[in-house]
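**Q** What follows is coords_39.cif, made up of mmCIF, C-alpha atoms:
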```cif
data_input
#
loop_
_atom_site.label_atom_id
_atom_site.label_comp_id
_atom_site.auth_asym_id
_atom_site.auth_seq_id
_atom_site.Cartn_x
_atom_site.Cartn_y
_atom_site.Cartn_z
CA MET A 89 40.55 -42.34 16.38
CA ILE A 90 36.79 -42.56 15.81
CA ILE A 91 36.05 -42.45 19.50
CA ILE A 92 38.07 -39.29 19.81
CA ILE A 93 36.17 -37.71 16.94
CA GLN A 94 32.80 -38.45 18.53
CA HIS A 95 33.95 -36.89 21.75
CA SER A 96 35.06 -33.78 19.91
CA THR A 97 31.68 -33.50 18.24
CA ARG A 98 29.95 -33.55 21.60
CA VAL A 99 32.21 -30.85 22.92
CA LEU A 100 31.64 -28.77 19.81
CA ALA A 101 27.87 -29.17 20.09
CA ALA A 102 27.99 -28.04 23.68
CA ILE A 103 29.99 -24.96 22.76
CA LEU A 104 27.61 -24.08 19.95
CA LEU A 105 24.58 -24.44 22.18
CA LEU A 106 26.20 -22.28 24.81
CA ALA A 107 27.06 -19.63 22.25
CA ILE A 108 23.52 -19.53 20.93
CA ALA A 109 22.01 -19.42 24.37
CA THR A 110 24.08 -16.50 25.52
CA SER A 111 24.16 -14.23 22.48
CA ALA A 112 20.66 -14.40 20.98
CA GLN A 113 19.43 -10.85 20.45
CA ALA A 114 17.00 -9.06 18.19
CA TRP A 115 15.97 -5.53 17.46
CA SER A 116 12.55 -4.70 16.21
CA ILE A 117 10.61 -2.05 14.36
CA ALA A 118 6.86 -1.80 14.82
CA ILE A 119 5.05 -0.85 11.63
CA SER A 120 1.55 0.55 11.61
CA PRO A 121 -1.05 -0.01 8.88
CA GLY A 122 -1.77 2.47 6.12
CA THR A 123 -4.60 4.87 6.90
CA ARG A 124 -8.12 4.49 5.56
CA GLN A 125 -8.56 6.80 2.58
CA ILE A 126 -11.33 7.72 0.18
CA PHE A 127 -11.57 10.02 -2.81
CA ILE A 128 -14.55 11.15 -4.86
CA GLN A 129 -14.73 13.29 -7.96
CA VAL A 130 -17.90 14.46 -9.68
CA GLY A 131 -17.26 16.73 -12.61
CA ASN A 132 -14.01 18.63 -12.29
CA GLY A 133 -11.45 17.38 -9.81
CA THR A 134 -7.82 17.93 -8.95
CA TYR A 135 -4.73 15.84 -8.59
CA THR A 136 -1.34 17.32 -7.86
CA GLY A 137 2.00 15.95 -8.91
CA GLY A 138 0.68 14.03 -11.89
CA ASN A 139 -1.78 11.22 -12.25
CA HIS A 140 -2.24 8.67 -9.52
CA ASN A 141 -0.13 6.02 -11.15
CA ALA A 142 2.67 8.53 -11.58
CA GLY A 143 2.79 9.42 -7.92
CA GLY A 144 0.18 12.17 -7.90
CA SER A 145 -2.01 12.93 -4.92
CA PRO A 146 -5.66 13.97 -4.77
CA ALA A 147 -6.47 17.53 -3.81
CA ASN A 148 -9.60 19.44 -3.00
CA ASN A 149 -11.48 21.09 -5.84
CA ALA A 150 -14.26 23.43 -4.77
CA THR A 151 -15.88 23.63 -8.18
CA VAL A 152 -19.58 22.87 -8.27
CA ASN A 153 -20.37 21.99 -11.83
CA VAL A 154 -23.69 22.87 -13.38
CA VAL A 155 -25.83 20.58 -15.52
CA SER A 156 -28.59 22.32 -17.41
CA ALA A 157 -31.21 22.10 -20.15
CA ASN A 158 -33.34 24.58 -22.00
CA VAL A 159 -36.80 23.41 -22.94
CA PRO A 160 -38.15 25.19 -26.03
CA ALA A 161 -41.60 26.66 -25.54
CA ALA A 162 -42.97 24.53 -28.36
CA SER A 163 -42.03 21.29 -26.68
CA ILE A 164 -42.72 21.99 -23.02
CA GLY A 165 -44.27 18.96 -21.38
CA ASN A 166 -44.53 16.91 -24.54
CA GLY A 167 -42.98 13.82 -22.94
CA SER A 168 -39.84 13.85 -25.06
CA PRO A 169 -36.81 13.83 -22.76
CA VAL A 170 -34.48 16.77 -23.10
CA ALA A 171 -30.75 16.13 -23.11
CA MET A 172 -28.82 18.09 -20.54
CA THR A 173 -25.30 19.41 -20.82
CA SER A 174 -22.76 20.59 -18.31
CA ASN A 175 -19.91 22.98 -17.72
CA SER A 176 -17.65 20.12 -16.70
CA THR A 177 -14.33 19.85 -18.47
CA ALA A 178 -13.25 16.59 -16.81
CA ALA A 179 -12.32 14.22 -19.61
CA ASN A 180 -9.34 12.21 -18.43
CA SER A 181 -9.04 9.88 -15.49
CA PHE A 182 -6.64 10.93 -12.78
CA LEU A 183 -5.84 7.26 -12.37
CA ASP A 184 -3.75 7.08 -15.51
CA GLY A 185 -4.77 9.93 -17.80
CA TYR A 186 -7.04 7.77 -19.92
CA ASN A 187 -9.75 9.68 -21.78
CA VAL A 188 -12.78 8.38 -19.93
CA CYS A 189 -15.44 11.01 -20.60
CA ASN A 190 -16.50 13.37 -23.37
CA PRO A 191 -17.52 16.61 -21.70
CA PRO A 192 -19.59 18.70 -21.62
CA THR A 193 -22.30 16.16 -22.37
CA GLN A 194 -20.73 13.57 -20.10
CA VAL A 195 -20.00 14.32 -16.48
CA TYR A 196 -17.18 12.38 -14.86
CA ILE A 197 -17.92 10.52 -11.65
CA GLY A 198 -15.36 8.38 -9.90
CA GLY A 199 -13.80 7.50 -6.62
CA TRP A 200 -11.59 5.09 -4.79
CA VAL A 201 -11.34 3.44 -1.43
CA ARG A 202 -8.23 2.33 0.32
CA VAL A 203 -8.21 0.34 3.52
CA PRO A 204 -5.79 -1.90 5.35
CA GLY A 205 -6.95 -5.39 4.56
CA SER A 206 -9.16 -6.53 1.76
CA THR A 207 -12.58 -5.80 3.19
CA GLY A 208 -14.50 -2.59 3.69
CA ASN A 209 -16.66 -1.12 0.97
CA GLY A 210 -17.13 2.54 0.29
CA VAL A 211 -20.66 3.65 -0.46
CA MET A 212 -21.19 6.29 -3.12
CA SER A 213 -24.52 8.05 -2.92
CA VAL A 214 -26.28 11.18 -4.07
CA THR A 215 -28.71 13.29 -2.11
CA THR A 216 -31.18 15.71 -3.63
CA PRO A 217 -33.99 17.81 -2.24
CA ALA A 218 -37.48 16.94 -3.33
CA ASN A 219 -37.65 19.67 -5.93
CA LEU A 220 -35.86 22.13 -8.11
CA ILE A 221 -37.25 25.60 -7.52
CA ASN A 222 -37.46 28.87 -9.42
CA GLY A 223 -37.47 32.45 -8.20
CA ALA A 224 -41.24 32.50 -7.95
CA GLY A 225 -41.30 29.43 -5.75
CA ASN A 226 -42.56 27.06 -8.41
CA THR A 227 -41.09 23.59 -8.29
CA ILE A 228 -40.16 20.68 -10.49
CA PRO A 229 -39.57 17.29 -8.83
CA PHE A 230 -35.93 16.22 -8.86
CA SER A 231 -37.24 12.86 -9.97
CA SER A 232 -37.75 14.46 -13.38
CA ILE A 233 -34.02 14.12 -13.98
CA SER A 234 -32.35 10.85 -14.93
CA TRP A 235 -28.93 9.81 -16.13
CA SER A 236 -27.33 7.09 -18.13
CA SER A 237 -23.89 5.80 -17.24
CA THR A 238 -21.08 4.93 -19.58
CA ALA A 239 -17.38 5.41 -20.08
CA ASN A 240 -14.92 5.22 -22.92
CA GLY A 241 -13.31 1.82 -22.93
CA ASN A 242 -15.50 0.48 -20.18
CA ALA A 243 -18.56 -1.47 -21.21
CA THR A 244 -19.66 -2.16 -17.65
CA ALA A 245 -21.05 0.75 -15.69
CA HIS A 246 -19.63 0.85 -12.18
CA VAL A 247 -21.96 3.66 -11.25
CA ALA A 248 -25.47 2.62 -12.13
CA ALA A 249 -27.80 4.63 -14.30
CA GLY A 250 -30.80 5.99 -12.45
CA THR A 251 -33.21 8.74 -11.55
CA PHE A 252 -32.94 11.17 -8.66
CA ASN A 253 -35.46 10.39 -5.97
CA GLY A 254 -35.59 13.59 -3.95
CA ALA A 255 -33.74 11.87 -1.14
CA THR A 256 -30.56 9.80 -0.83
CA LEU A 257 -29.83 7.25 -3.48
CA THR A 258 -27.00 4.70 -3.40
CA LEU A 259 -25.04 4.75 -6.63
CA ALA A 260 -22.25 2.24 -6.13
CA ASN A 261 -20.40 0.14 -3.65
CA ILE A 262 -16.68 0.57 -4.10
CA GLY A 263 -14.65 -2.41 -3.03
CA ALA A 264 -11.57 -2.12 -0.88
CA ASN A 265 -8.56 -0.80 -2.74
CA THR A 266 -10.53 -0.20 -5.89
CA TRP A 267 -11.00 2.76 -8.23
CA VAL A 268 -14.28 3.09 -10.12
CA GLU A 269 -15.22 5.72 -12.67
CA ASN A 270 -17.97 6.44 -15.17
CA CYS A 271 -19.54 9.26 -17.11
CA MET A 272 -23.10 10.40 -16.51
CA VAL A 273 -25.33 11.83 -19.23
CA PHE A 274 -28.32 13.62 -17.75
CA SER A 275 -31.75 14.18 -19.22
CA TYR A 276 -34.90 15.97 -18.17
CA ALA A 277 -38.12 13.95 -18.48
CA ASN A 278 -40.20 16.91 -19.75
CA SER A 279 -43.44 15.07 -19.11
CA THR A 280 -45.29 17.89 -17.35
CA VAL A 281 -46.00 21.52 -18.11
CA TYR A 282 -44.55 23.86 -15.51
CA PRO A 283 -44.55 27.64 -15.29
CA SER A 284 -41.70 29.24 -17.15
CA GLY A 285 -38.55 30.15 -15.26
CA THR A 286 -35.13 28.92 -14.25
CA TYR A 287 -35.33 26.06 -11.83
CA THR A 288 -32.33 25.10 -9.79
CA GLY A 289 -31.40 22.48 -7.25
CA ARG A 290 -28.24 20.88 -5.98
CA ALA A 291 -27.34 17.23 -5.98
CA VAL A 292 -24.70 16.34 -3.39
CA TYR A 293 -22.57 13.28 -4.06
CA THR A 294 -21.03 11.51 -1.12
CA LEU A 295 -18.55 8.71 -0.65
CA SER A 296 -18.51 7.19 2.79
CA LEU A 297 -16.49 4.41 4.32
CA PRO A 298 -18.40 2.89 7.21
CA MET B 2 45.92 -52.45 8.24
CA LYS B 3 47.14 -49.93 10.75
CA TYR B 4 47.76 -47.49 7.88
CA ILE B 5 44.16 -47.85 6.66
CA VAL B 6 42.74 -47.23 10.12
CA SER B 7 44.89 -44.15 10.47
CA LEU B 8 43.79 -42.91 7.05
CA ILE B 9 40.14 -43.33 8.03
CA GLY B 10 40.85 -41.39 11.16
CA ILE B 11 42.46 -38.54 9.24
CA LEU B 12 39.58 -38.42 6.76
CA SER B 13 37.09 -38.33 9.60
CA LEU B 14 38.99 -35.54 11.26
CA ALA B 15 39.06 -33.63 7.98
CA LEU B 16 35.32 -34.09 7.65
CA LEU B 17 34.88 -32.84 11.16
CA LEU B 18 36.98 -29.77 10.49
CA GLN B 19 34.96 -29.04 7.39
CA HIS B 20 31.82 -29.44 9.47
CA VAL B 21 33.15 -26.97 12.00
CA ALA B 22 33.82 -24.38 9.30
CA VAL B 23 30.28 -24.63 7.91
CA ALA B 24 28.50 -24.68 11.23
CA ALA B 25 30.23 -21.72 12.86
CA THR B 26 27.27 -19.37 12.72
CA PHE B 27 26.50 -17.30 15.79
CA ARG B 28 23.92 -14.73 16.73
CA VAL B 29 25.52 -11.33 17.26
CA ASP B 30 24.77 -9.29 20.35
CA ASP B 31 23.03 -6.15 19.08
CA THR B 32 21.42 -5.01 22.32
CA ALA B 33 23.11 -1.61 22.09
CA THR B 34 21.28 -0.87 18.82
CA LEU B 35 19.25 2.35 18.93
CA LEU B 36 16.03 2.91 17.01
CA GLY B 37 15.22 6.29 15.51
CA GLU B 38 11.57 5.71 16.34
CA SER B 39 9.88 2.78 17.94
CA GLN B 40 6.99 2.78 15.49
CA VAL B 41 7.04 3.50 11.79
CA LYS B 42 3.88 4.79 10.21
CA MET B 43 3.41 3.04 6.91
CA ARG B 44 1.97 5.07 4.05
CA TRP B 45 0.22 3.90 0.93
CA ARG B 46 2.34 4.12 -2.14
CA SER B 47 0.54 6.41 -4.56
CA THR B 48 0.40 3.89 -7.33
CA GLY B 49 -1.68 0.79 -7.06
CA VAL B 50 -5.16 1.65 -5.87
CA ASN B 51 -6.81 -0.30 -8.65
CA ASN B 52 -7.58 -3.95 -8.98
CA THR B 53 -4.52 -5.00 -10.87
CA SER B 54 -1.69 -3.34 -8.99
CA GLY B 55 -0.16 -4.24 -5.69
CA HIS B 56 -1.22 -2.43 -2.58
CA ILE B 57 2.10 -1.50 -1.10
CA VAL B 58 2.71 0.56 2.00
CA ASP B 59 6.06 2.15 2.62
CA GLY B 60 7.80 3.39 5.72
CA ALA B 61 11.25 4.60 6.66
CA THR B 62 13.34 5.16 9.74
CA SER B 63 16.92 5.34 10.89
CA VAL B 64 18.58 2.78 13.11
CA THR B 65 21.97 2.99 14.76
CA ILE B 66 23.28 -0.54 14.62
CA ARG B 67 25.78 -1.54 17.30
CA LEU B 68 27.15 -5.03 17.00
CA ASN B 69 29.20 -6.51 19.77
CA THR B 70 31.85 -8.44 17.88
CA THR B 71 34.15 -8.98 20.82
CA PRO B 72 33.90 -12.79 20.67
CA TRP B 73 35.26 -12.80 17.14
CA LEU B 74 37.94 -10.14 17.45
CA ASN B 75 40.87 -10.71 15.08
CA LYS B 76 38.95 -13.37 13.21
CA THR B 77 37.43 -13.15 9.76
CA GLY B 78 33.75 -13.57 9.11
CA GLN B 79 30.60 -12.50 7.35
CA ILE B 80 27.81 -10.75 9.23
CA TYR B 81 24.26 -11.00 7.96
CA MET B 82 21.07 -9.17 8.85
CA VAL B 83 18.17 -11.58 9.18
CA LEU B 84 14.42 -11.05 9.04
CA PRO B 85 12.38 -14.19 9.67
CA PRO B 86 9.25 -14.99 7.61
CA GLN B 87 6.36 -12.71 8.53
CA PRO B 88 2.68 -13.57 9.00
CA ILE B 89 1.76 -10.40 7.07
CA GLY B 90 3.29 -11.77 3.90
CA GLN B 91 6.50 -10.79 2.24
CA VAL B 92 8.21 -7.75 3.68
CA LEU B 93 10.94 -6.05 1.69
CA VAL B 94 13.54 -4.00 3.51
CA ASP B 95 16.29 -1.99 1.92
CA TRP B 96 18.79 0.28 3.57
CA SER B 97 21.66 2.63 3.01
CA THR B 98 24.59 2.97 5.41
CA GLN B 99 27.33 5.34 6.46
CA GLY B 100 29.97 2.95 5.23
CA LYS B 101 30.81 0.58 8.06
CA LEU B 102 28.11 -1.82 7.02
CA LEU B 103 27.07 -2.73 3.51
CA PRO B 104 23.85 -1.34 2.01
CA GLY B 105 21.44 -3.96 0.84
CA THR B 106 18.02 -5.42 0.41
CA LEU B 107 16.39 -8.07 2.54
CA ILE B 108 13.24 -10.05 1.91
CA SER B 109 11.60 -11.58 4.95
CA GLY B 110 12.63 -15.18 5.42
CA ASN B 111 16.14 -14.47 4.24
CA ARG B 112 19.39 -12.91 5.31
CA THR B 113 21.62 -10.35 3.62
CA LEU B 114 25.33 -9.72 4.01
CA VAL B 115 26.15 -6.48 5.83
CA TYR B 116 29.82 -7.07 6.67
CA ALA B 117 32.60 -9.26 5.37
CA GLY B 118 36.22 -9.31 6.40
CA PRO B 119 38.39 -9.25 9.48
CA ILE B 120 36.80 -8.29 12.78
CA GLN B 121 39.13 -5.58 13.94
CA SER B 122 37.13 -3.82 16.62
CA PRO B 123 34.94 -5.05 19.45
CA ILE B 124 32.02 -2.92 18.27
CA ILE B 125 30.83 -2.37 14.71
CA GLU B 126 28.59 0.67 14.61
CA ASP B 127 26.76 2.26 11.72
CA THR B 128 23.60 4.27 11.27
CA ILE B 129 21.44 2.86 8.54
CA HIS B 130 18.43 4.41 6.85
CA VAL B 131 15.85 1.68 6.52
CA GLN B 132 12.97 1.61 4.08
CA ILE B 133 10.26 -0.95 4.64
CA HIS B 134 7.74 -2.11 2.08
CA SER B 135 4.88 -4.51 2.71
CA ASP B 136 1.45 -5.46 1.42
CA GLY B 137 -0.94 -2.93 2.92
CA THR B 138 -3.88 -5.24 2.47
CA LYS B 139 -2.30 -7.69 4.91
CA LEU B 140 -1.06 -5.19 7.43
CA LEU B 141 -4.21 -4.86 9.50
CA SER B 142 -2.74 -3.77 12.81
CA ILE B 143 0.58 -2.78 14.32
CA HIS B 144 3.10 -5.45 13.54
CA LYS B 145 6.58 -5.92 14.95
CA LEU B 146 9.42 -6.81 12.62
CA GLU B 147 12.16 -8.50 14.60
CA PHE B 148 15.54 -8.38 12.96
CA TYR B 149 18.74 -9.93 14.18
CA PHE B 150 22.30 -10.40 13.05
CA GLU B 151 24.32 -13.54 12.70
CA ILE B 152 27.96 -14.10 11.87
CA ASP B 153 29.61 -16.86 9.89
CA VAL B 154 33.14 -17.19 11.22
CA ASP B 155 35.74 -18.51 8.84
#
```
Take the structure from the file and write it as structure tokens.
**A**
Amino acid sequence: MIIIIQHSTRVLAAILLLAIATSAQAWSIAISPGTRQIFIQVGNGTYTGGNHNAGGSPANNATVNVVSANVPAASIGNGSPVAMTSNSTAANSFLDGYNVCNPPTQVYIGGWVRVPGSTGNGVMSVTTPANLINGAGNTIPFSSISWSSTANGNATAHVAAGTFNGATLTLANIGANTWVENCMVFSYANSTVYPSGTYTGRAVYTLSLP
Amino acid sequence: MKYIVSLIGILSLALLLQHVAVAATFRVDDTATLLGESQVKMRWRSTGVNNTSGHIVDGATSVTIRLNTTPWLNKTGQIYMVLPPQPIGQVLVDWSTQGKLLPGTLISGNRTLVYAGPIQSPIIEDTIHVQIHSDGTKLLSIHKLEFYFEIDVD
């Protein structure tokens, strides 16, 4: 009896091997990586469909917010910094709706980077001309304006405090698949006497993903 | 003594038969399966771009499954969809069907039941809508997911 059983096993094994060899098939789906994406918001921004964590998507917002200060005649050039305020109304993060900033004093700045893989930093920077200028052609160096960086509930500033340099200044490196956000509070140095007038200049914030 | 030998023989045969029942798993010919699209573009799920959440990408497509069940006609069995372990980490697949096959969820490295019962036709065909979810931080280039079907015959 045992001999017969062993023989049967061999036959069975042969049949199984034959079956596997003749019917092995597979169908396949090729999947492609997610696209590289970046988002930056300085001042007012827009998300549609809710906050990010609720399925919302970033949208373009053409608003250019204004940060300004009035220097009283009595204190022009006295070396006491003058706090600046803005027309920004951005208070809550589009990540989750958390109240990050207290406008109009604080100006929201944030952004995120998304890449396939875990490497690839986004670089947030700001570019300014050398000077602010008034209608008469008088100038004030952009380096007269500084900012501090803070955020409600976030003791560590992701976007460093600094001073405009009349050129391009790197503000933060944003790691892959990371969202950073802070609130900037601007001030004018007021260390020099300049002719009266309204001086304007534009700071352009950029997020790039090399 | 003769009785004991015979008993051993019967037990051995019973063990063999049990072995046959467990081992009767076969790959199913699915070469007639049609893909809705050969490549699925995965998209980032909106949630999860911060440090603490997962970084999931999602994609979807339709597949017309055609299983050649001729070898098991008039037998009873269970058909499973299989996705081997993937080098890009865990891949989750879920699908809905038109009714011939069972809807389900499959995690790479496993198999999921898509049919159970008598095999009454030489071809089992169904169009399934497949949704694929994987870790976008590990999906660095185009990756091929190779599925197959296997049947356990009773």
**Q** May I have the residues within 9 Å of region 166-169 of chain A as a VMD selection string, using only C-alpha atoms and disregarding those fewer than 6 positions away in the same chain?
**A** chain A and resid 275 to 281
**Q** Could you list, with a cut-off of 6 Å and counting all atoms listed in the file, the residues of chain A near chain B, each shown with its nearest atom pair and the distance in Å rounded to one decimal, rows sorted by chain and ascending number, as JSON lines?
**A**
```
{"residue": "A:Met89", "atom": "CA", "partner": "B:Gly10", "partner_atom": "CA", "distance": 5.3}
{"residue": "A:Ser111", "atom": "CA", "partner": "B:Asp30", "partner_atom": "CA", "distance": 5.4}
{"residue": "A:Ala112", "atom": "CA", "partner": "B:Arg28", "partner_atom": "CA", "distance": 5.4}
{"residue": "A:Gln113", "atom": "CA", "partner": "B:Asp30", "partner_atom": "CA", "distance": 5.6}
{"residue": "A:Ala114", "atom": "CA", "partner": "B:Tyr149", "partner_atom": "CA", "distance": 4.5}
{"residue": "A:Trp115", "atom": "CA", "partner": "B:Phe148", "partner_atom": "CA", "distance": 5.3}
{"residue": "A:Ser116", "atom": "CA", "partner": "B:Glu147", "partner_atom": "CA", "distance": 4.1}
{"residue": "A:Ile117", "atom": "CA", "partner": "B:Leu146", "partner_atom": "CA", "distance": 5.2}
{"residue": "A:Ala118", "atom": "CA", "partner": "B:Lys145", "partner_atom": "CA", "distance": 4.1}
{"residue": "A:Ile119", "atom": "CA", "partner": "B:Val41", "partner_atom": "CA", "distance": 4.8}
{"residue": "A:Ser120", "atom": "CA", "partner": "B:Ile143", "partner_atom": "CA", "distance": 4.4}
{"residue": "A:Pro121", "atom": "CA", "partner": "B:Leu140", "partner_atom": "CA", "distance": 5.4}
{"residue": "A:Gly122", "atom": "CA", "partner": "B:Arg44", "partner_atom": "CA", "distance": 5.0}
{"residue": "A:His140", "atom": "CA", "partner": "B:Thr48", "partner_atom": "CA", "distance": 5.9}
{"residue": "A:Asn141", "atom": "CA", "partner": "B:Thr48", "partner_atom": "CA", "distance": 4.4}
{"residue": "A:Gly143", "atom": "CA", "partner": "B:Ser47", "partner_atom": "CA", "distance": 5.0}
{"residue": "A:Pro204", "atom": "CA", "partner": "B:Thr138", "partner_atom": "CA", "distance": 4.8}
{"residue": "A:Gly205", "atom": "CA", "partner": "B:Thr138", "partner_atom": "CA", "distance": 3.7}
{"residue": "A:Ser206", "atom": "CA", "partner": "B:Thr138", "partner_atom": "CA", "distance": 5.5}
{"residue": "A:Asn265", "atom": "CA", "partner": "B:Val50", "partner_atom": "CA", "distance": 5.2}
{"residue": "A:Thr266", "atom": "CA", "partner": "B:Asn51", "partner_atom": "CA", "distance": 4.6}
{"residue": "A:Trp267", "atom": "CA", "partner": "B:Asn51", "partner_atom": "CA", "distance": 5.2}
```
**Q** Just write the chosen residues, C-alpha atoms, as a CSV table (one decimal), keeping the file's coordinate frame.
**A**
```csv
chain,number,residue,atom,x,y,z
A,89,MET,CA,40.6,-42.3,16.4
A,111,SER,CA,24.2,-14.2,22.5
A,112,ALA,CA,20.7,-14.4,21.0
A,113,GLN,CA,19.4,-10.8,20.4
A,114,ALA,CA,17.0,-9.1,18.2
A,115,TRP,CA,16.0,-5.5,17.5
A,116,SER,CA,12.6,-4.7,16.2
A,117,ILE,CA,10.6,-2.0,14.4
A,118,ALA,CA,6.9,-1.8,14.8
A,119,ILE,CA,5.0,-0.8,11.6
A,120,SER,CA,1.6,0.6,11.6
A,121,PRO,CA,-1.0,0.0,8.9
A,122,GLY,CA,-1.8,2.5,6.1
A,140,HIS,CA,-2.2,8.7,-9.5
A,141,ASN,CA,-0.1,6.0,-11.2
A,143,GLY,CA,2.8,9.4,-7.9
A,204,PRO,CA,-5.8,-1.9,5.4
A,205,GLY,CA,-7.0,-5.4,4.6
A,206,SER,CA,-9.2,-6.5,1.8
A,265,ASN,CA,-8.6,-0.8,-2.7
A,266,THR,CA,-10.5,-0.2,-5.9
A,267,TRP,CA,-11.0,2.8,-8.2
```
**Q** So which one's closest to Ile262 (chain A), A:Val152, A:Ile128, A:Ala147, A:Ala249? Using only C-alpha atoms, please.
**A**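 Going through A:Val152, A:Ile128, A:Ala147, A:Ala249 one by one, the smallest distance to Ile262 (chain A) is for A:Ile128.
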**Q** List as an MDAnalysis selection string: which residues have an atom within 12 Å of (28.8, -9.1, 1.8), counting all atoms listed in the file?
**A** chainID B and resid 78:82 101:106 112:118 152:153
**Q** Where does the PyMOL selection byres ((chain A and resi 126) around 8) land in this file, that is, which residues does it pick, as a PyMOL selection string?
**A** chain A and resi 124-125+127-128+199-202+210+295-297
**Q** Would you work out the distance separating CA of Val131 (chain B) from CA of Trp96 (chain B), expressed in Å to one decimal?
**A** 4.4 Å
**Q** Ranking A:Asn219, A:Ser232, A:Ser213, A:Thr227 by minimum distance to Val247 (chain A) and counting all atoms listed in the file, which one comes first?
**A** A:Ser213
**Q** Find the distance between CA of Thr238 (chain A) and CA of Thr215 (chain A) and write it in Å to one decimal.
**A**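 Rounded to one decimal, the two atoms are 20.8 Å apart.
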